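This is structure04.cif (mmCIF, C-alpha atoms).
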```cif
data_query
loop_
_atom_site.label_atom_id
_atom_site.label_comp_id
_atom_site.auth_asym_id
_atom_site.auth_seq_id
_atom_site.Cartn_x
_atom_site.Cartn_y
_atom_site.Cartn_z
CA MET A 1081 16.67 0.90 -4.49
CA ASP A 1082 18.39 4.29 -4.22
CA LEU A 1083 17.50 6.89 -1.63
CA LEU A 1084 14.53 9.04 -2.62
CA ARG A 1085 15.24 12.71 -1.93
CA ILE A 1086 12.43 15.23 -1.52
CA CYS A 1087 12.26 18.85 -2.65
CA ASP A 1088 8.88 19.99 -1.37
CA THR A 1089 7.21 22.95 -3.06
CA THR A 1090 4.11 23.40 -0.89
CA LEU A 1091 5.21 26.95 -0.02
CA ARG A 1092 5.63 27.84 -3.71
CA ASP A 1093 3.63 25.68 -6.14
CA GLY A 1094 1.23 24.65 -3.40
CA GLU A 1095 0.34 28.25 -2.66
CA GLN A 1096 -0.20 28.83 -6.38
CA ALA A 1097 -3.32 26.65 -6.14
CA ALA A 1098 -6.43 28.65 -6.93
CA GLY A 1099 -7.77 30.36 -3.83
CA VAL A 1100 -4.85 29.47 -1.57
CA ALA A 1101 -2.97 32.21 0.29
CA PHE A 1102 -0.85 31.37 3.32
CA THR A 1103 -0.25 33.99 5.98
CA ALA A 1104 3.30 34.71 7.11
CA GLU A 1105 2.71 32.81 10.35
CA GLU A 1106 1.22 29.85 8.51
CA LYS A 1107 4.29 29.68 6.29
CA LEU A 1108 6.53 29.60 9.35
CA GLU A 1109 4.52 26.78 10.90
CA ILE A 1110 4.48 24.80 7.65
CA ALA A 1111 8.25 25.23 7.37
CA LYS A 1112 8.72 23.91 10.92
CA SER A 1113 6.45 20.96 10.24
CA LEU A 1114 8.28 20.10 7.00
CA ALA A 1115 11.51 20.10 8.98
CA ALA A 1116 9.96 17.87 11.63
CA CYS A 1117 9.10 15.43 8.85
CA GLY A 1118 12.71 15.35 7.72
CA VAL A 1119 12.15 16.92 4.30
CA GLU A 1120 15.59 17.67 2.86
CA GLN A 1121 14.91 20.67 0.62
CA VAL A 1122 12.03 23.14 0.39
CA GLU A 1123 11.13 25.64 -2.31
CA ALA A 1124 10.34 28.64 -0.13
CA GLY A 1125 8.67 30.90 -2.68
CA ILE A 1126 9.24 33.41 -5.47
CA PRO A 1127 11.32 36.36 -4.19
CA ALA A 1128 10.67 38.42 -7.33
CA MET A 1129 7.00 38.71 -6.27
CA GLY A 1130 7.91 41.59 -3.98
CA GLU A 1131 9.27 42.71 -0.64
CA GLU A 1132 6.56 41.01 1.39
CA GLU A 1133 7.42 37.65 -0.17
CA ARG A 1134 11.13 38.24 0.40
CA GLU A 1135 10.54 39.16 4.03
CA ASN A 1136 8.49 36.00 4.56
CA ILE A 1137 11.28 33.90 3.06
CA ARG A 1138 13.89 35.68 5.20
CA ARG A 1139 11.88 34.86 8.32
CA ILE A 1140 11.62 31.21 7.27
CA VAL A 1141 15.36 30.96 6.57
CA SER A 1142 16.19 32.65 9.89
CA LEU A 1143 14.52 29.80 11.78
CA GLY A 1144 17.72 27.82 11.29
CA LEU A 1145 15.88 24.62 10.38
CA PRO A 1146 17.79 21.62 8.98
CA ILE A 1147 16.49 22.29 5.47
CA ARG A 1148 18.15 23.58 2.31
CA TRP A 1149 16.07 26.50 1.05
CA ILE A 1150 15.61 27.10 -2.67
CA ALA A 1151 13.77 29.94 -4.41
CA TRP A 1152 12.09 29.94 -7.82
CA ASN A 1153 13.39 32.40 -10.45
CA ARG A 1154 12.99 33.37 -14.04
CA ALA A 1155 16.19 33.65 -16.04
CA ARG A 1156 16.69 37.29 -15.04
CA ARG A 1157 19.37 39.01 -12.98
CA SER A 1158 16.71 40.92 -11.09
CA ASP A 1159 15.15 37.63 -9.98
CA ILE A 1160 18.53 36.35 -8.80
CA ASP A 1161 19.09 39.58 -6.87
CA ALA A 1162 15.71 39.09 -5.23
CA SER A 1163 16.67 35.57 -4.18
CA LEU A 1164 19.94 36.84 -2.72
CA SER A 1165 17.99 39.43 -0.77
CA ALA A 1166 15.67 36.71 0.55
CA GLY A 1167 18.61 34.84 2.08
CA VAL A 1168 18.28 31.46 0.35
CA ASP A 1169 21.34 29.49 -0.68
CA TRP A 1170 19.82 27.82 -3.74
CA ALA A 1171 18.36 29.46 -6.84
CA HIS A 1172 16.09 27.46 -9.10
CA ILE A 1173 16.09 29.01 -12.58
CA ALA A 1174 13.13 27.96 -14.71
CA LEU A 1175 13.48 27.85 -18.50
CA PRO A 1176 10.65 27.11 -20.94
CA VAL A 1177 12.03 24.34 -23.15
CA SER A 1178 9.18 23.22 -25.44
CA SER A 1179 8.87 25.00 -28.78
CA ILE A 1180 5.38 26.15 -27.78
CA GLN A 1181 6.49 27.77 -24.54
CA MET A 1182 9.78 29.17 -25.83
CA LYS A 1183 7.95 31.02 -28.58
CA ALA A 1184 4.88 32.06 -26.57
CA LYS A 1185 6.63 33.11 -23.36
CA LEU A 1186 9.94 34.46 -24.59
CA GLY A 1187 9.60 34.86 -28.34
CA ALA A 1188 12.86 32.95 -28.56
CA GLY A 1189 14.37 29.84 -30.06
CA PRO A 1190 16.47 27.09 -28.45
CA SER A 1191 19.87 28.81 -28.77
CA GLU A 1192 18.53 32.07 -27.33
CA VAL A 1193 16.91 30.25 -24.39
CA MET A 1194 20.17 28.46 -23.69
CA GLU A 1195 22.15 31.70 -23.65
CA LEU A 1196 19.53 33.39 -21.49
CA GLY A 1197 19.73 30.55 -18.98
CA LYS A 1198 23.53 30.47 -18.97
CA ALA A 1199 23.71 34.20 -18.30
CA ALA A 1200 21.32 33.96 -15.34
CA ALA A 1201 22.97 30.83 -13.97
CA GLY A 1202 26.44 32.31 -14.31
CA TYR A 1203 25.35 35.40 -12.42
CA ALA A 1204 23.81 33.28 -9.63
CA LEU A 1205 26.98 31.20 -9.35
CA GLU A 1206 29.13 34.35 -9.19
CA LYS A 1207 27.00 35.52 -6.27
CA GLY A 1208 27.65 32.29 -4.38
CA LEU A 1209 24.32 30.55 -4.94
CA ASP A 1210 23.91 26.88 -5.72
CA VAL A 1211 21.85 26.51 -8.88
CA SER A 1212 19.16 24.18 -10.12
CA ILE A 1213 17.93 24.51 -13.70
CA GLY A 1214 14.27 23.82 -14.39
CA PHE A 1215 13.02 22.51 -17.71
CA GLU A 1216 9.50 23.88 -17.90
CA ASP A 1217 7.22 21.83 -20.15
CA ALA A 1218 10.03 19.29 -20.56
CA SER A 1219 7.48 16.62 -21.47
CA ARG A 1220 6.77 18.40 -24.78
CA ALA A 1221 10.40 19.37 -25.47
CA ASP A 1222 12.80 17.82 -27.92
CA LEU A 1223 14.95 15.35 -25.99
CA SER A 1224 18.09 16.26 -27.90
CA PHE A 1225 17.63 19.88 -26.78
CA LEU A 1226 17.43 18.77 -23.15
CA HIS A 1227 20.68 16.86 -23.61
CA LYS A 1228 22.33 19.97 -25.04
CA LEU A 1229 21.10 22.06 -22.12
CA ILE A 1230 22.40 19.58 -19.55
CA ASP A 1231 25.79 19.44 -21.30
CA ALA A 1232 26.03 23.23 -21.49
CA PHE A 1233 25.07 23.85 -17.86
CA ARG A 1234 27.25 21.05 -16.56
CA ARG A 1235 30.23 22.79 -18.14
CA GLU A 1236 29.23 25.78 -15.99
CA GLY A 1237 29.38 23.56 -12.91
CA ILE A 1238 25.64 22.83 -12.55
CA CYS A 1239 24.53 19.25 -11.94
CA ARG A 1240 20.95 19.63 -10.70
CA PHE A 1241 18.05 19.75 -13.16
CA ARG A 1242 14.27 19.64 -12.82
CA TYR A 1243 12.18 17.84 -15.42
CA ALA A 1244 8.69 19.35 -15.28
CA ASP A 1245 5.67 17.56 -16.68
CA THR A 1246 4.00 20.95 -16.59
CA LEU A 1247 0.83 20.00 -18.47
CA SER A 1248 0.65 16.43 -17.17
CA VAL A 1249 0.91 14.90 -20.63
CA HIS A 1250 2.93 11.82 -19.69
CA HIS A 1251 1.74 8.42 -18.54
CA PRO A 1252 4.04 6.29 -16.34
CA GLY A 1253 5.37 4.03 -19.07
CA ASP A 1254 6.08 6.96 -21.36
CA LEU A 1255 7.79 8.96 -18.62
CA HIS A 1256 9.91 6.03 -17.45
CA ALA A 1257 11.18 5.50 -21.00
CA ARG A 1258 11.84 9.20 -21.53
CA ILE A 1259 13.73 9.70 -18.25
CA SER A 1260 15.74 6.54 -18.90
CA GLU A 1261 16.72 7.82 -22.32
CA LEU A 1262 17.55 11.28 -21.01
CA LEU A 1263 19.77 9.98 -18.20
CA ALA A 1264 21.44 7.39 -20.41
CA GLY A 1265 23.26 10.23 -22.14
CA CYS A 1266 24.23 12.04 -18.93
CA PRO A 1267 27.28 11.73 -16.66
CA PRO A 1268 26.61 9.96 -13.33
CA ASP A 1269 26.94 13.19 -11.31
CA ILE A 1270 23.77 14.63 -12.86
CA GLU A 1271 20.89 14.79 -10.36
CA LEU A 1272 17.47 14.94 -11.96
CA GLU A 1273 14.39 16.13 -10.10
CA ILE A 1274 10.94 15.14 -11.34
CA HIS A 1275 8.08 17.61 -11.02
CA CYS A 1276 4.68 16.22 -12.03
CA HIS A 1277 1.23 17.75 -12.21
CA ASN A 1278 -1.94 15.81 -11.59
CA ASP A 1279 -4.39 16.75 -14.35
CA PHE A 1280 -5.07 13.08 -15.15
CA GLY A 1281 -4.62 11.80 -11.60
CA LEU A 1282 -1.21 10.34 -12.48
CA ALA A 1283 1.19 12.65 -10.63
CA THR A 1284 2.15 10.04 -8.04
CA ALA A 1285 2.47 7.22 -10.57
CA ASN A 1286 4.49 9.41 -12.95
CA THR A 1287 6.79 10.60 -10.17
CA LEU A 1288 7.49 7.04 -9.06
CA ALA A 1289 8.11 5.95 -12.65
CA ALA A 1290 10.68 8.71 -13.08
CA ILE A 1291 12.42 7.86 -9.80
CA GLN A 1292 12.52 4.20 -10.79
CA ALA A 1293 14.08 5.29 -14.09
CA GLY A 1294 16.90 7.09 -12.29
CA ALA A 1295 15.70 10.53 -11.19
CA LYS A 1296 17.08 11.30 -7.72
CA TRP A 1297 14.68 13.94 -6.46
CA ALA A 1298 10.89 14.10 -6.26
CA SER A 1299 9.17 17.48 -6.28
CA THR A 1300 6.07 17.19 -4.10
CA THR A 1301 3.46 19.18 -2.23
CA VAL A 1302 1.61 18.24 0.93
CA LEU A 1303 -1.76 16.73 -0.03
CA GLY A 1304 -0.83 17.44 -3.65
CA ILE A 1305 -2.10 21.03 -3.59
CA GLY A 1306 -0.93 23.13 -6.50
CA GLU A 1307 -1.81 24.62 -9.87
CA ARG A 1308 -5.01 23.28 -11.45
CA ALA A 1309 -5.46 19.67 -10.20
CA GLY A 1310 -2.30 19.90 -8.14
CA ASN A 1311 1.04 18.15 -7.84
CA ALA A 1312 2.40 14.81 -6.64
CA PRO A 1313 1.39 14.44 -2.96
CA LEU A 1314 4.32 14.11 -0.58
CA GLU A 1315 2.62 11.43 1.50
CA GLU A 1316 1.70 9.24 -1.49
CA VAL A 1317 5.11 9.42 -3.14
CA VAL A 1318 7.00 8.63 0.07
CA MET A 1319 4.77 5.78 1.23
CA ALA A 1320 4.53 4.17 -2.22
CA TRP A 1321 8.29 4.37 -2.71
CA LYS A 1322 8.87 2.69 0.64
CA HIS A 1323 6.17 0.03 0.52
CA LEU A 1324 5.62 -0.71 -3.17
CA TYR A 1325 9.13 -0.16 -4.50
CA ASN A 1326 11.00 -1.21 -1.33
CA GLY A 1327 12.94 2.03 -1.57
CA THR A 1328 14.37 4.25 1.13
CA CYS A 1329 13.50 7.81 2.10
CA GLU A 1330 14.41 9.83 5.18
CA VAL A 1331 11.00 11.48 5.55
CA ARG A 1332 9.47 10.63 8.92
CA THR A 1333 6.08 9.28 7.94
CA GLU A 1334 4.57 9.44 11.44
CA ARG A 1335 4.82 13.24 11.24
CA MET A 1336 2.99 13.60 7.94
CA LYS A 1337 -0.55 13.58 9.33
CA PRO A 1338 -0.12 16.72 11.51
CA LEU A 1339 1.71 18.36 8.58
CA ALA A 1340 -1.19 17.57 6.26
CA GLU A 1341 -3.74 18.86 8.77
CA LEU A 1342 -1.77 22.09 9.15
CA VAL A 1343 -1.54 22.64 5.38
CA ALA A 1344 -5.22 21.83 4.89
CA ARG A 1345 -6.24 24.41 7.49
CA ALA A 1346 -3.93 27.03 6.03
CA ALA A 1347 -5.23 26.33 2.52
CA GLY A 1348 -8.85 26.49 3.64
CA ARG A 1349 -9.45 22.96 2.40
CA GLU A 1350 -10.70 19.78 4.00
CA ILE A 1351 -8.93 16.43 3.85
CA SER A 1352 -11.39 14.12 2.11
CA GLU A 1353 -12.59 11.26 4.31
CA THR A 1354 -11.46 8.72 1.73
CA ARG A 1355 -8.23 10.43 0.73
CA PRO A 1356 -5.47 7.82 0.30
CA LEU A 1357 -3.37 7.28 3.43
CA LEU A 1358 -4.47 10.32 5.45
CA GLY A 1359 -8.24 10.44 5.07
CA ARG A 1360 -10.37 9.62 8.13
CA LEU A 1361 -11.71 6.50 6.42
CA ALA A 1362 -8.46 5.40 4.78
CA PHE A 1363 -8.18 2.52 7.27
CA ALA A 1364 -11.88 2.09 8.07
CA HIS A 1365 -13.62 -1.25 7.57
CA GLU A 1366 -17.33 -2.13 7.48
CA SER A 1367 -17.64 -5.28 5.37
CA GLY A 1368 -18.14 -8.34 7.57
CA VAL A 1369 -15.75 -10.43 5.49
CA HIS A 1370 -13.02 -7.81 5.78
CA VAL A 1371 -13.49 -7.23 9.49
CA ASP A 1372 -13.49 -10.95 10.25
CA GLY A 1373 -10.25 -11.41 8.31
CA LEU A 1374 -8.64 -8.35 9.89
CA LEU A 1375 -9.45 -9.52 13.40
CA LYS A 1376 -7.95 -12.95 12.72
CA ASP A 1377 -4.79 -11.67 11.04
CA ARG A 1378 -4.24 -8.03 10.12
CA ARG A 1379 -2.16 -9.04 7.13
CA THR A 1380 -5.34 -10.19 5.40
CA TYR A 1381 -6.33 -6.57 4.73
CA GLN A 1382 -3.22 -4.57 5.61
CA THR A 1383 -0.18 -3.81 3.48
CA PHE A 1384 1.49 -1.79 6.24
CA ASP A 1385 0.74 -0.78 9.81
CA PRO A 1386 -1.26 2.49 9.72
CA ALA A 1387 0.59 3.49 12.88
CA LEU A 1388 3.46 4.39 10.55
CA LEU A 1389 1.29 7.37 9.60
CA GLY A 1390 -0.07 7.99 13.06
CA MET A 1391 -3.32 6.32 11.90
CA LYS A 1392 -5.18 3.21 13.05
CA HIS A 1393 -7.74 0.73 11.80
CA GLU A 1394 -11.34 1.62 12.54
CA ILE A 1395 -14.27 -0.76 12.40
CA LEU A 1396 -17.53 0.92 11.37
CA LEU A 1397 -20.95 -0.56 12.03
CA GLY A 1398 -23.11 -0.46 8.94
CA LYS A 1399 -25.27 -2.29 6.41
CA HIS A 1400 -22.45 -4.65 5.45
CA SER A 1401 -21.27 -5.52 8.96
CA GLY A 1402 -21.12 -9.11 10.16
CA ARG A 1403 -21.10 -11.03 13.44
CA SER A 1404 -17.42 -10.31 14.08
CA SER A 1405 -18.04 -6.58 13.79
CA VAL A 1406 -20.90 -6.67 16.28
CA ARG A 1407 -18.94 -8.81 18.71
CA GLN A 1408 -15.83 -6.62 18.46
CA ALA A 1409 -17.78 -3.36 18.81
CA LEU A 1410 -19.50 -4.53 21.98
CA LEU A 1411 -16.24 -5.76 23.48
CA LYS A 1412 -14.80 -2.32 22.80
CA GLU A 1413 -17.78 -0.86 24.70
CA GLY A 1414 -16.97 -3.18 27.60
CA PHE A 1415 -20.05 -5.34 27.07
CA GLU A 1416 -20.00 -9.14 27.12
CA VAL A 1417 -22.62 -10.10 24.56
CA SER A 1418 -24.66 -13.26 24.55
CA GLU A 1419 -24.13 -15.09 21.26
CA GLY A 1420 -27.86 -15.76 21.07
CA ILE A 1421 -28.78 -12.12 20.52
CA ILE A 1422 -26.17 -11.34 17.85
CA PRO A 1423 -28.47 -12.29 14.91
CA SER A 1424 -31.22 -9.90 16.05
CA LEU A 1425 -28.69 -7.13 16.75
CA LEU A 1426 -27.18 -7.63 13.31
CA LYS A 1427 -30.59 -7.44 11.63
CA ARG A 1428 -31.44 -4.22 13.48
CA LEU A 1429 -28.02 -2.77 12.71
CA ARG A 1430 -28.29 -3.41 8.98
CA GLN A 1431 -31.81 -2.02 8.78
CA THR A 1432 -30.94 1.11 10.78
CA ALA A 1433 -27.72 1.83 8.88
CA GLY A 1434 -29.51 1.38 5.58
CA GLU A 1435 -32.26 3.81 6.55
CA ARG A 1436 -29.87 6.42 7.95
CA LYS A 1437 -27.23 5.94 5.23
CA GLN A 1438 -24.52 6.27 7.85
CA PRO A 1439 -22.74 4.10 10.42
CA VAL A 1440 -24.22 3.28 13.82
CA ALA A 1441 -22.23 4.18 16.93
CA GLY A 1442 -20.93 1.43 19.18
CA SER A 1443 -22.65 3.04 22.16
CA GLU A 1444 -26.02 2.73 20.41
CA LEU A 1445 -25.36 -0.91 19.58
CA LYS A 1446 -24.54 -1.49 23.25
CA GLN A 1447 -27.88 0.05 24.25
CA TRP A 1448 -29.68 -2.28 21.86
CA ALA A 1449 -27.82 -5.24 23.33
CA ILE A 1450 -28.81 -4.25 26.87
CA GLU A 1451 -32.47 -3.98 25.77
CA GLU A 1452 -32.33 -7.37 24.03
CA GLN A 1453 -30.78 -9.17 27.01
CA THR A 1454 -33.21 -7.51 29.41
CA GLN A 1455 -36.19 -8.69 27.33
CA GLN A 1456 -34.88 -12.27 27.30
CA ARG A 1457 -34.66 -12.48 31.06
#
```

Using the file provided, produce a representation of the structure as structure tokens.
Amino acid sequence: MDLLRICDTTLRDGEQAAGVAFTAEEKLEIAKSLAACGVEQVEAGIPAMGEEERENIRRIVSLGLPIRWIAWNRARRSDIDASLSAGVDWAHIALPVSSIQMKAKLGAGPSEVMELGKAAAGYALEKGLDVSIGFEDASRADLSFLHKLIDAFRREGICRFRYADTLSVHHPGDLHARISELLAGCPPDIELEIHCHNDFGLATANTLAAIQAGAKWASTTVLGIGERAGNAPLEEVVMAWKHLYNGTCEVRTERMKPLAELVARAAGREISETRPLLGRLAFAHESGVHVDGLLKDRRTYQTFDPALLGMKHEILLGKHSGRSSVRQALLKEGFEVSEGIIPSLLKRLRQTAGERKQPVAGSELKQWAIEEQTQQR
């Protein structure tokens, strides 16, 4: 499989999530953490928002991190000037490309949108910026129009394009076929970036389908934060590409947990206990059958070592625990248990956990075991 390249947009699309507003210092820390993870490119923001946004981006760029910084722009010279002022070296120019958005947002048709984009891109290139062209609402656009746009911009020297499933209207099979068809008519130097939203919970699956079909770049956000239901989560895309598709990616997965915790705090959101990969209970086990198998051979209930994410397996004591769980929990507490008292401990454990509707601590189980053994003497 080809190398998966990441353009993370937590600082732009992530901050566009309802109720999210990063402080300048939080943006700096997120930028540093993204660099520590080895993310190749980061969308730093929207310079046209105003001087405060530009100053924040300038501060981020001045850190000298090993990241290529890109800024989001409309197809306007004033937006390009704002990006130049912010100090980035890449300008992403977004163009509405579906008939609905072209008419509603610009009151224009395909030829007018193309000329508008070419004028903005040409200006950005003249000013020394590298340029990426974004196809907003590409999933509802005519494919032949996208081909014409790619041909026209490539003649201007632009080879990077973003396919945005803005309204999350694709499913993986549909998107794979569409990206395959789009790239089949493109020269090999074209680099396509896939940008998926998560309205139907398919952002990760759609992103992976597009990469498998030949897209080179994945647009992600940490924890998937973003407009409406969010974007494709960085951690899910990277881990799935590596472990389900046997692909390669230079993101350092062991650094993703502190990055996610930082972004969650800055966004004022909690990481759900059962969130895939990074939730507190993502590698937690209670079922007696599962725990017994895991203790005998971790491969029975492990597709990869959670240490790759800075995580670890956790055995919880609850209603569905078995003998192995009780034995293991007491060993962890430094207590050598008599096999004869395990049945009574297990009965008490299941009853207590069921009444409380929450796990029982190992220390409490140890206290029960001490009481049981004392009574039997």

Within 6 Å of region 1291-1306 of chain A using all atoms listed in the file, minus same-chain residues under 4 positions, as an mmCIF file with C-alpha atoms, keeping the file's coordinate frame:
```cif
data_model
loop_
_atom_site.group_PDB
_atom_site.id
_atom_site.type_symbol
_atom_site.label_atom_id
_atom_site.label_comp_id
_atom_site.auth_asym_id
_atom_site.auth_seq_id
_atom_site.Cartn_x
_atom_site.Cartn_y
_atom_site.Cartn_z
ATOM 1 C CA ARG A 1085 15.240 12.710 -1.930
ATOM 2 C CA ILE A 1086 12.430 15.230 -1.520
ATOM 3 C CA CYS A 1087 12.260 18.850 -2.650
ATOM 4 C CA ASP A 1088 8.880 19.990 -1.370
ATOM 5 C CA THR A 1089 7.210 22.950 -3.060
ATOM 6 C CA THR A 1090 4.110 23.400 -0.890
ATOM 7 C CA ASP A 1093 3.630 25.680 -6.140
ATOM 8 C CA GLY A 1094 1.230 24.650 -3.400
ATOM 9 C CA GLN A 1096 -0.200 28.830 -6.380
ATOM 10 C CA ALA A 1097 -3.320 26.650 -6.140
ATOM 11 C CA HIS A 1256 9.910 6.030 -17.450
ATOM 12 C CA SER A 1260 15.740 6.540 -18.900
ATOM 13 C CA GLU A 1271 20.890 14.790 -10.360
ATOM 14 C CA LEU A 1272 17.470 14.940 -11.960
ATOM 15 C CA GLU A 1273 14.390 16.130 -10.100
ATOM 16 C CA ILE A 1274 10.940 15.140 -11.340
ATOM 17 C CA HIS A 1275 8.080 17.610 -11.020
ATOM 18 C CA GLY A 1310 -2.300 19.900 -8.140
ATOM 19 C CA ASN A 1311 1.040 18.150 -7.840
ATOM 20 C CA ALA A 1312 2.400 14.810 -6.640
ATOM 21 C CA PRO A 1313 1.390 14.440 -2.960
ATOM 22 C CA LEU A 1314 4.320 14.110 -0.580
#
```

Exercise for the section: With a distance cut-off of 12 Å and only C-alpha atoms, select the neighbouring residues of region 1225-1233 of chain A, excluding the residue or stretch itself and same-chain residues fewer than 2 positions from it, and output the selection as a PyMOL selection string. Expected result: chain A and resi 1173+1175-1179+1189-1202+1205+1211-1223+1235-1244+1258-1259+1261-1267+1269-1272

Practice task
Would you work out the distance separating CA of Asp1372 (chain A) from CA of Ser1404 (chain A), expressed in Å to one decimal?
Solution key: 5.5 Å

Exercise for the section: Measuring atom to atom with only C-alpha atoms, identify which of A:Met1182, A:Leu1209, A:Leu1083, A:Ile1137 is nearest to Asp1169 (chain A). Expected result: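 Using only C-alpha atoms, the shortest distance to Asp1169 (chain A) belongs to A:Leu1209.
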
Excluding Leu1361 (chain A) and any residue of its chain fewer than 4 positions from it, enumerate the residues within 12 Å of it, using all atoms listed in the file, and give them as a tab-separated table (two decimals) with C-alpha atoms, in the frame of the given file.
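Saved to selection38.tsv:
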```tsv
chain	number	residue	atom	x	y	z
A	1351	ILE	CA	-8.93	16.43	3.85
A	1352	SER	CA	-11.39	14.12	2.11
A	1353	GLU	CA	-12.59	11.26	4.31
A	1354	THR	CA	-11.46	8.72	1.73
A	1355	ARG	CA	-8.23	10.43	0.73
A	1356	PRO	CA	-5.47	7.82	0.30
A	1357	LEU	CA	-3.37	7.28	3.43
A	1365	HIS	CA	-13.62	-1.25	7.57
A	1366	GLU	CA	-17.33	-2.13	7.48
A	1386	PRO	CA	-1.26	2.49	9.72
A	1391	MET	CA	-3.32	6.32	11.90
A	1392	LYS	CA	-5.18	3.21	13.05
A	1393	HIS	CA	-7.74	0.73	11.80
A	1394	GLU	CA	-11.34	1.62	12.54
A	1395	ILE	CA	-14.27	-0.76	12.40
A	1396	LEU	CA	-17.53	0.92	11.37
A	1439	PRO	CA	-22.74	4.10	10.42
```

Exercise for the section: Starting from the shown file, work through the PyMOL selection byres ((chain A and resi 1419-1436) around 6) and note down what comes out as number ranges by chain. Expected result: A: 1398-1399, 1418, 1437-1439

Handout entry: Target residues per the PyMOL selection byres ((chain A and resi 1115) around 10), formatted as an NGL selection string
Key = :A and (1109-1114 or 1116-1122 or 1145-1147 or 1331-1332 or 1335 or 1339)

Could region 1230-1241 of chain A be completed with N, CA, C and O atoms and returned as a PDB file, in the coordinates of the input?
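See part_11.pdb below for the written result:
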```pdb
ATOM      1  N   ILE A1230      21.683  20.212 -20.668  1.00  0.00           N
ATOM      2  CA  ILE A1230      22.400  19.580 -19.550  1.00  0.00           C
ATOM      3  C   ILE A1230      23.904  19.660 -19.775  1.00  0.00           C
ATOM      4  O   ILE A1230      24.674  20.002 -18.859  1.00  0.00           O
ATOM      5  N   ASP A1231      24.351  19.370 -20.991  1.00  0.00           N
ATOM      6  CA  ASP A1231      25.790  19.440 -21.300  1.00  0.00           C
ATOM      7  C   ASP A1231      26.328  20.855 -21.088  1.00  0.00           C
ATOM      8  O   ASP A1231      27.396  21.054 -20.495  1.00  0.00           O
ATOM      9  N   ALA A1232      25.574  21.843 -21.586  1.00  0.00           N
ATOM     10  CA  ALA A1232      26.030  23.230 -21.490  1.00  0.00           C
ATOM     11  C   ALA A1232      26.103  23.702 -20.044  1.00  0.00           C
ATOM     12  O   ALA A1232      27.084  24.332 -19.626  1.00  0.00           O
ATOM     13  N   PHE A1233      25.089  23.394 -19.249  1.00  0.00           N
ATOM     14  CA  PHE A1233      25.070  23.850 -17.860  1.00  0.00           C
ATOM     15  C   PHE A1233      26.047  23.062 -16.992  1.00  0.00           C
ATOM     16  O   PHE A1233      26.609  23.611 -16.037  1.00  0.00           O
ATOM     17  N   ARG A1234      26.268  21.809 -17.334  1.00  0.00           N
ATOM     18  CA  ARG A1234      27.250  21.050 -16.560  1.00  0.00           C
ATOM     19  C   ARG A1234      28.651  21.645 -16.746  1.00  0.00           C
ATOM     20  O   ARG A1234      29.459  21.659 -15.811  1.00  0.00           O
ATOM     21  N   ARG A1235      28.927  22.150 -17.921  1.00  0.00           N
ATOM     22  CA  ARG A1235      30.230  22.790 -18.140  1.00  0.00           C
ATOM     23  C   ARG A1235      30.373  24.053 -17.295  1.00  0.00           C
ATOM     24  O   ARG A1235      31.482  24.512 -17.012  1.00  0.00           O
ATOM     25  N   GLU A1236      29.224  24.609 -16.867  1.00  0.00           N
ATOM     26  CA  GLU A1236      29.230  25.780 -15.990  1.00  0.00           C
ATOM     27  C   GLU A1236      29.324  25.362 -14.518  1.00  0.00           C
ATOM     28  O   GLU A1236      29.378  26.211 -13.635  1.00  0.00           O
ATOM     29  N   GLY A1237      29.282  24.051 -14.279  1.00  0.00           N
ATOM     30  CA  GLY A1237      29.380  23.560 -12.910  1.00  0.00           C
ATOM     31  C   GLY A1237      28.040  23.218 -12.263  1.00  0.00           C
ATOM     32  O   GLY A1237      27.959  23.036 -11.049  1.00  0.00           O
ATOM     33  N   ILE A1238      26.981  23.113 -13.074  1.00  0.00           N
ATOM     34  CA  ILE A1238      25.640  22.830 -12.550  1.00  0.00           C
ATOM     35  C   ILE A1238      25.277  21.376 -12.836  1.00  0.00           C
ATOM     36  O   ILE A1238      25.385  20.921 -13.978  1.00  0.00           O
ATOM     37  N   CYS A1239      24.848  20.673 -11.793  1.00  0.00           N
ATOM     38  CA  CYS A1239      24.530  19.250 -11.940  1.00  0.00           C
ATOM     39  C   CYS A1239      23.095  18.898 -11.569  1.00  0.00           C
ATOM     40  O   CYS A1239      22.699  17.742 -11.646  1.00  0.00           O
ATOM     41  N   ARG A1240      22.327  19.882 -11.148  1.00  0.00           N
ATOM     42  CA  ARG A1240      20.950  19.630 -10.700  1.00  0.00           C
ATOM     43  C   ARG A1240      19.960  20.201 -11.711  1.00  0.00           C
ATOM     44  O   ARG A1240      20.027  21.392 -12.069  1.00  0.00           O
ATOM     45  N   PHE A1241      19.029  19.345 -12.157  1.00  0.00           N
ATOM     46  CA  PHE A1241      18.050  19.750 -13.160  1.00  0.00           C
ATOM     47  C   PHE A1241      16.666  19.238 -12.779  1.00  0.00           C
ATOM     48  O   PHE A1241      16.533  18.160 -12.186  1.00  0.00           O
TER      49      PHE A1241
END
```
